[in-house]
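Enquirer: This is structure08.txt (compact mmCIF, C-alpha atoms).
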```
# COMPACT_ATOMS: atom_id res chain seq x y z
CA MET A 22 0.00 0.00 0.00
CA ASN A 23 3.02 2.32 0.35
CA LYS A 24 4.11 1.91 -3.26
CA GLN A 25 4.21 5.19 -5.15
CA TYR A 26 2.46 5.60 -8.51
CA ARG A 27 2.73 8.27 -11.19
CA TYR A 28 -0.95 8.59 -12.13
CA PHE A 29 -2.95 7.31 -9.15
CA ASP A 30 -3.57 10.79 -7.70
CA SER A 31 -4.55 12.18 -11.11
CA ILE A 32 -7.14 9.45 -11.64
CA MET A 33 -8.50 10.01 -8.14
CA ALA A 34 -8.89 13.75 -8.86
CA LEU A 35 -10.74 13.05 -12.12
CA PHE A 36 -12.93 10.48 -10.38
CA VAL A 37 -14.00 12.94 -7.67
CA THR A 38 -14.52 15.71 -10.24
CA THR A 39 -16.97 13.61 -12.25
CA LEU A 40 -18.93 12.81 -9.08
CA LEU A 41 -19.31 16.47 -8.13
CA LEU A 42 -20.21 17.48 -11.69
CA SER A 43 -22.87 14.78 -11.91
CA ASN A 44 -24.61 16.07 -8.78
CA LEU A 45 -24.55 19.69 -9.94
CA LEU A 46 -25.90 18.79 -13.39
CA SER A 47 -28.55 16.46 -11.97
CA SER A 48 -29.98 19.35 -9.99
CA ALA A 49 -29.77 21.78 -12.91
CA LYS A 50 -31.72 20.12 -15.73
CA ILE A 51 -33.92 17.20 -16.84
CA ILE A 52 -33.32 16.36 -20.51
CA ASP A 53 -35.94 15.06 -22.94
CA LEU A 54 -34.71 14.16 -26.43
CA GLY A 55 -38.21 13.24 -27.60
CA ILE A 56 -37.50 9.48 -27.59
CA SER A 57 -39.97 7.03 -26.04
CA ILE A 58 -40.43 3.32 -25.40
CA GLY A 59 -44.12 2.87 -26.03
CA SER A 60 -45.86 5.52 -23.94
CA MET A 61 -42.86 6.02 -21.66
CA PRO A 62 -40.67 9.03 -22.55
CA LEU A 63 -36.94 8.45 -22.06
CA VAL A 64 -36.08 11.49 -19.96
CA PHE A 65 -32.94 11.73 -17.87
CA ASP A 66 -31.19 14.14 -15.56
CA ALA A 67 -28.16 15.94 -16.99
CA GLY A 68 -25.85 14.29 -14.48
CA THR A 69 -26.27 11.05 -16.40
CA LEU A 70 -24.01 12.50 -19.10
CA VAL A 71 -21.11 12.61 -16.63
CA PHE A 72 -21.73 10.03 -13.91
CA PRO A 73 -20.90 6.89 -15.96
CA VAL A 74 -17.39 8.27 -16.42
CA SER A 75 -16.84 7.81 -12.67
CA TYR A 76 -17.53 4.09 -13.11
CA ILE A 77 -14.96 3.96 -15.89
CA PHE A 78 -12.40 5.50 -13.53
CA GLY A 79 -13.56 3.07 -10.85
CA ASP A 80 -12.91 0.15 -13.21
CA ILE A 81 -9.46 1.50 -14.02
CA LEU A 82 -8.58 1.97 -10.34
CA THR A 83 -9.65 -1.52 -9.29
CA GLU A 84 -8.23 -3.28 -12.33
CA VAL A 85 -4.80 -1.65 -12.09
CA TYR A 86 -4.33 -0.74 -8.42
CA GLY A 87 -6.64 -3.19 -6.64
CA PHE A 88 -9.70 -2.98 -4.40
CA LYS A 89 -7.88 -1.56 -1.35
CA ARG A 90 -6.68 1.53 -3.18
CA SER A 91 -9.96 1.88 -5.02
CA ARG A 92 -11.74 1.80 -1.65
CA ARG A 93 -9.72 4.81 -0.50
CA VAL A 94 -10.72 6.74 -3.61
CA ILE A 95 -14.40 5.82 -3.19
CA TRP A 96 -14.32 7.21 0.34
CA MET A 97 -12.64 10.42 -0.84
CA GLY A 98 -15.46 10.84 -3.35
CA PHE A 99 -17.96 10.25 -0.55
CA ILE A 100 -16.38 12.97 1.60
CA ALA A 101 -16.23 15.39 -1.35
CA MET A 102 -19.97 14.95 -2.00
CA VAL A 103 -20.75 15.60 1.67
CA LEU A 104 -18.77 18.85 1.50
CA LEU A 105 -20.56 19.88 -1.71
CA GLY A 106 -24.00 19.32 -0.20
CA LEU A 107 -23.06 21.06 3.05
CA PHE A 108 -21.72 24.24 1.47
CA VAL A 109 -24.50 24.52 -1.11
CA TRP A 110 -26.98 24.24 1.76
CA VAL A 111 -25.12 26.87 3.84
CA THR A 112 -24.98 29.20 0.81
CA GLY A 113 -28.72 28.78 0.28
CA ILE A 114 -29.73 29.80 3.80
CA LEU A 115 -27.46 32.86 3.96
CA PRO A 116 -29.11 36.19 2.98
CA GLY A 117 -28.50 37.40 -0.56
CA GLU A 118 -27.16 40.84 -1.52
CA ALA A 119 -29.83 43.28 -2.76
CA ASP A 120 -28.54 43.68 -6.34
CA TRP A 121 -28.11 39.89 -6.68
CA GLN A 122 -31.67 39.39 -5.44
CA GLN A 123 -32.96 41.62 -8.27
CA ARG A 124 -30.79 40.12 -11.02
CA VAL A 125 -30.94 36.47 -9.99
CA GLY A 126 -32.94 35.97 -6.81
CA GLN A 127 -33.27 33.32 -4.13
CA ILE A 128 -36.06 31.56 -6.03
CA ALA A 129 -33.79 30.95 -9.02
CA PHE A 130 -31.04 29.67 -6.72
CA ASP A 131 -33.46 27.32 -4.97
CA ASN A 132 -34.91 26.07 -8.26
CA ILE A 133 -31.49 25.15 -9.63
CA LEU A 134 -29.38 24.28 -6.60
CA GLY A 135 -31.97 23.88 -3.86
CA GLY A 136 -32.47 20.23 -4.69
CA ILE A 137 -28.80 19.35 -4.29
CA SER A 138 -29.16 18.49 -0.59
CA GLY A 139 -31.76 15.85 -1.44
CA LEU A 140 -29.67 14.71 -4.39
CA ILE A 141 -26.58 14.45 -2.22
CA LEU A 142 -28.44 12.26 0.27
CA ALA A 143 -29.63 10.01 -2.55
CA SER A 144 -26.22 10.08 -4.22
CA LEU A 145 -24.33 9.14 -1.07
CA ILE A 146 -26.44 6.07 -0.41
CA ALA A 147 -26.59 4.99 -4.06
CA TYR A 148 -22.95 5.84 -4.79
CA TRP A 149 -21.74 3.88 -1.77
CA MET A 150 -23.72 0.78 -2.76
CA GLY A 151 -23.05 1.05 -6.49
CA GLU A 152 -19.33 1.84 -6.43
CA PHE A 153 -18.45 -0.81 -3.89
CA SER A 154 -20.56 -3.39 -5.73
CA ASN A 155 -18.83 -2.48 -8.98
CA SER A 156 -15.34 -2.62 -7.46
CA TYR A 157 -15.98 -5.84 -5.51
CA ILE A 158 -17.41 -7.72 -8.51
CA LEU A 159 -14.63 -6.55 -10.81
CA ALA A 160 -11.93 -7.62 -8.32
CA LYS A 161 -13.54 -11.04 -7.81
CA MET A 162 -14.05 -11.56 -11.55
CA LYS A 163 -10.41 -10.69 -12.18
CA ILE A 164 -9.36 -13.53 -9.89
CA ALA A 165 -11.93 -15.93 -11.39
CA THR A 166 -10.83 -15.17 -14.96
CA LYS A 167 -7.11 -15.12 -14.04
CA GLY A 168 -6.80 -11.63 -15.49
CA LYS A 169 -8.32 -12.47 -18.87
CA TRP A 170 -11.32 -10.88 -20.63
CA ILE A 171 -11.09 -7.36 -19.23
CA TRP A 172 -14.16 -6.35 -21.23
CA LEU A 173 -16.24 -8.99 -19.45
CA ARG A 174 -15.18 -7.67 -16.05
CA THR A 175 -15.75 -3.98 -16.80
CA ILE A 176 -19.17 -4.53 -18.38
CA GLY A 177 -20.32 -7.24 -15.94
CA SER A 178 -19.45 -5.18 -12.86
CA THR A 179 -21.14 -2.13 -14.38
CA LEU A 180 -24.41 -4.00 -15.00
CA VAL A 181 -24.68 -4.78 -11.29
CA GLY A 182 -23.20 -1.58 -9.89
CA GLN A 183 -25.25 0.76 -12.07
CA ALA A 184 -28.45 -1.17 -11.33
CA ALA A 185 -27.94 -0.74 -7.59
CA ASP A 186 -26.88 2.89 -7.96
CA THR A 187 -29.68 3.96 -10.31
CA ILE A 188 -32.57 2.34 -8.45
CA ILE A 189 -31.44 3.48 -5.01
CA PHE A 190 -30.62 7.01 -6.18
CA PHE A 191 -33.98 7.75 -7.77
CA VAL A 192 -36.06 6.08 -5.06
CA VAL A 193 -34.30 8.07 -2.33
CA ALA A 194 -34.40 11.27 -4.41
CA TYR A 195 -38.15 10.78 -4.92
CA LEU A 196 -38.69 10.24 -1.19
CA ALA A 197 -36.68 13.43 -0.55
CA GLY A 198 -39.01 15.34 -2.89
CA VAL A 199 -36.46 15.98 -5.65
CA PHE A 200 -38.28 14.18 -8.48
CA PRO A 201 -42.05 13.63 -8.96
CA PHE A 202 -43.35 10.06 -8.93
CA GLU A 203 -44.82 10.40 -12.43
CA ILE A 204 -41.41 10.41 -14.12
CA LEU A 205 -39.68 8.03 -11.68
CA PRO A 206 -39.98 4.81 -13.79
CA SER A 207 -38.82 6.67 -16.89
CA LEU A 208 -35.85 8.19 -15.07
CA ILE A 209 -34.74 4.83 -13.67
CA LEU A 210 -35.03 3.01 -17.00
CA THR A 211 -33.47 5.75 -19.11
CA ASN A 212 -30.59 6.40 -16.73
CA TYR A 213 -29.73 2.72 -16.47
CA ILE A 214 -29.78 2.24 -20.23
CA LEU A 215 -27.65 5.35 -20.82
CA LYS A 216 -25.13 4.55 -18.09
CA VAL A 217 -24.58 0.98 -19.26
CA SER A 218 -24.48 2.08 -22.91
CA ILE A 219 -21.83 4.71 -22.19
CA GLU A 220 -19.75 2.15 -20.31
CA ILE A 221 -19.98 -0.32 -23.21
CA LEU A 222 -19.24 2.41 -25.78
CA PHE A 223 -16.10 3.45 -23.91
CA THR A 224 -14.91 -0.12 -23.26
CA PRO A 225 -12.17 -0.06 -25.96
CA ALA A 226 -10.80 3.21 -24.56
CA THR A 227 -11.06 1.90 -20.99
CA ILE A 228 -9.10 -1.26 -21.86
CA THR A 229 -6.46 0.79 -23.69
CA ILE A 230 -5.97 3.06 -20.65
CA ILE A 231 -5.88 0.06 -18.29
CA ASN A 232 -3.19 -1.70 -20.33
CA LEU A 233 -1.17 1.50 -20.65
CA LEU A 234 -1.31 2.18 -16.91
CA LYS A 235 -0.36 -1.40 -16.06
CA SER A 236 2.74 -0.96 -18.20
CA VAL A 237 3.66 2.51 -16.97
CA GLU A 238 2.94 1.85 -13.29
CA ASN A 239 4.37 -1.68 -13.39
CA GLU A 240 1.27 -2.87 -11.55
CA ASP A 241 -1.48 -5.39 -12.21
CA TYR A 242 -3.00 -6.01 -8.79
CA PHE A 243 -4.88 -9.18 -7.88
CA ASP A 244 -6.94 -9.06 -4.66
CA TYR A 245 -6.19 -12.59 -3.50
CA LYS A 246 -5.81 -11.72 0.19
CA THR A 247 -7.85 -8.52 0.29
CA ALA A 248 -10.36 -7.92 3.08
CA PHE A 249 -13.33 -6.55 1.16
CA ASN A 250 -14.83 -4.71 4.15
CA PRO A 251 -15.92 -1.36 2.64
CA PHE A 252 -15.59 0.40 6.02
CA HIS A 253 -11.87 -0.38 6.29
CA PHE A 254 -10.64 3.03 5.15
```
Written as structure tokens, that's how I'd like the structure from this file.
Expert:
Amino acid sequence: MNKQYRYFDSIMALFVTTLLLSNLLSSAKIIDLGISIGSMPLVFDAGTLVFPVSYIFGDILTEVYGFKRSRRVIWMGFIAMVLLGLFVWVTGILPGEADWQQRVGQIAFDNILGGISGLILASLIAYWMGEFSNSYILAKMKIATKGKWIWLRTIGSTLVGQAADTIIFFVVAYLAGVFPFEILPSLILTNYILKVSIEILFTPATITIINLLKSVENEDYFDYKTAFNPFHF
């Protein structure tokens, strides 16, 4: 665990950045491209455009550096999201300057960013379950396949991790009053399809980056003796 790597910190920074961006964009806009499955419109929150990238970084971290180091990064992302939600909430309750109130106003702030606290709560629960499921399954599949078929591991772990993340996120967000029940089934279905599709689409690039990092870092970690307790920071 004390081994030094050239790109580990950079990947961690990008991972955390995508998490924070996904929460901001999810609160900002719901997108409707006019596509439907039967009578169900495929609408999705804007954070869906970014969030799957965090799973790609999660795959890279676990595949190259192992579950233990990936676990540290997942917890750093968790802490970063807590800080985001806390300071957005504090900003929202502080009084606004008079000129800002006329040009922008508290209502506009609340409409765009007011839902972040509920989103953060949903994100924290869903992210924790989804990311650890993704990392655990990928690490176990790597051992089972003896390091072969990277594409099977990245896609297989995503199918499970994104299912847990998407369902938990939108159910909790609905209970927190962020999304109306009427669009809940559509949001869950559309987000899951998009997230998995983005992961599959980027699989060739993901594998290329993984192989390059393994060569540069001189690391290809197998979690044979890893304790998979997610609370072991």
Enquirer: Neighbouring residues of A:Glu84 were defined as those with any atom within 10 Å, considering only C-alpha atoms; residues of the same chain fewer than 5 positions away were excluded. Please report them as a PyMOL selection string.
Expert: chain A and resi 78-79+91+156+159-160+163+168+171+174-175+228+231-232+234-235+240-244
Enquirer: Take the residues from that selection and write them out as an mmCIF file, in the coordinates of the input, keeping C-alpha atoms.
Expert:
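Result went into result_16.cif, see below:
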```
data_model
loop_
_atom_site.group_PDB
_atom_site.id
_atom_site.type_symbol
_atom_site.label_atom_id
_atom_site.label_comp_id
_atom_site.auth_asym_id
_atom_site.auth_seq_id
_atom_site.Cartn_x
_atom_site.Cartn_y
_atom_site.Cartn_z
ATOM 1 C CA PHE A 78 -12.400 5.500 -13.530
ATOM 2 C CA GLY A 79 -13.560 3.070 -10.850
ATOM 3 C CA SER A 91 -9.960 1.880 -5.020
ATOM 4 C CA SER A 156 -15.340 -2.620 -7.460
ATOM 5 C CA LEU A 159 -14.630 -6.550 -10.810
ATOM 6 C CA ALA A 160 -11.930 -7.620 -8.320
ATOM 7 C CA LYS A 163 -10.410 -10.690 -12.180
ATOM 8 C CA GLY A 168 -6.800 -11.630 -15.490
ATOM 9 C CA ILE A 171 -11.090 -7.360 -19.230
ATOM 10 C CA ARG A 174 -15.180 -7.670 -16.050
ATOM 11 C CA THR A 175 -15.750 -3.980 -16.800
ATOM 12 C CA ILE A 228 -9.100 -1.260 -21.860
ATOM 13 C CA ILE A 231 -5.880 0.060 -18.290
ATOM 14 C CA ASN A 232 -3.190 -1.700 -20.330
ATOM 15 C CA LEU A 234 -1.310 2.180 -16.910
ATOM 16 C CA LYS A 235 -0.360 -1.400 -16.060
ATOM 17 C CA GLU A 240 1.270 -2.870 -11.550
ATOM 18 C CA ASP A 241 -1.480 -5.390 -12.210
ATOM 19 C CA TYR A 242 -3.000 -6.010 -8.790
ATOM 20 C CA PHE A 243 -4.880 -9.180 -7.880
ATOM 21 C CA ASP A 244 -6.940 -9.060 -4.660
#
```
Enquirer: Would you work out the distance separating atom CA of A:Ala143 from atom CA of A:Glu220, expressed in Å to one decimal?
Expert: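 Rounded to one decimal, the two atoms are 21.8 Å apart.
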Enquirer: Would you kindly return, as a list in words, each protein, DNA or RNA residue with an atom no farther than 9 Å from any atom of A:Val71, considering only C-alpha atoms and excluding same-chain residues fewer than 6 positions away?
Expert: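 Those residues are Thr39, Leu40, Leu42, Ser43 and Leu46 of chain A.
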Enquirer: Within 8 Å of stretch 176-180 of chain A, counting all atoms listed in the file, which residues show up once you throw out same-chain ones fewer than 6 positions away? Write them as a PDB file with C-alpha atoms, in the frame of the given file, please.
Expert:
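To be explicit, this is the file written out as result33.pdb:
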```pdb
ATOM      1  CA  TYR A  76     -17.530   4.090 -13.110  1.00  0.00           C
ATOM      2  CA  SER A 154     -20.560  -3.390  -5.730  1.00  0.00           C
ATOM      3  CA  ASN A 155     -18.830  -2.480  -8.980  1.00  0.00           C
ATOM      4  CA  SER A 156     -15.340  -2.620  -7.460  1.00  0.00           C
ATOM      5  CA  ILE A 158     -17.410  -7.720  -8.510  1.00  0.00           C
ATOM      6  CA  LEU A 159     -14.630  -6.550 -10.810  1.00  0.00           C
ATOM      7  CA  VAL A 217     -24.580   0.980 -19.260  1.00  0.00           C
ATOM      8  CA  GLU A 220     -19.750   2.150 -20.310  1.00  0.00           C
ATOM      9  CA  ILE A 221     -19.980  -0.320 -23.210  1.00  0.00           C
ATOM     10  CA  THR A 224     -14.910  -0.120 -23.260  1.00  0.00           C
TER      11      THR A 224
END
```
Enquirer: Per residue of stretch 37-85 of chain A within 12 Å of stretch 107-119 of chain A, what are the shortest atom pair and its distance in Å to one decimal, counting all atoms listed in the file, with rows by chain and residue number, as JSON lines?
Expert:
```
{"residue": "A:Leu41", "atom": "CA", "partner": "A:Val109", "partner_atom": "CA", "distance": 11.9}
{"residue": "A:Asn44", "atom": "CA", "partner": "A:Val109", "partner_atom": "CA", "distance": 11.4}
{"residue": "A:Leu45", "atom": "CA", "partner": "A:Val109", "partner_atom": "CA", "distance": 10.1}
{"residue": "A:Ser48", "atom": "CA", "partner": "A:Val109", "partner_atom": "CA", "distance": 11.6}
```
Enquirer: So that I can check the surroundings of stretch 56-69 of chain A, please list as an MDAnalysis selection string every protein, DNA and RNA residue that reaches within 6 Å of it, counting all atoms listed in the file and ignoring chain neighbours fewer than 3 positions away.
Expert: chainID A and resid 43 46:47 50:53 72 207:208 211:212
Enquirer: To one decimal place, how far is atom CA of A:Phe191 from atom CA of A:Ile209 in Å?
Expert: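 Computing it gives 6.6 Å between the two atoms.
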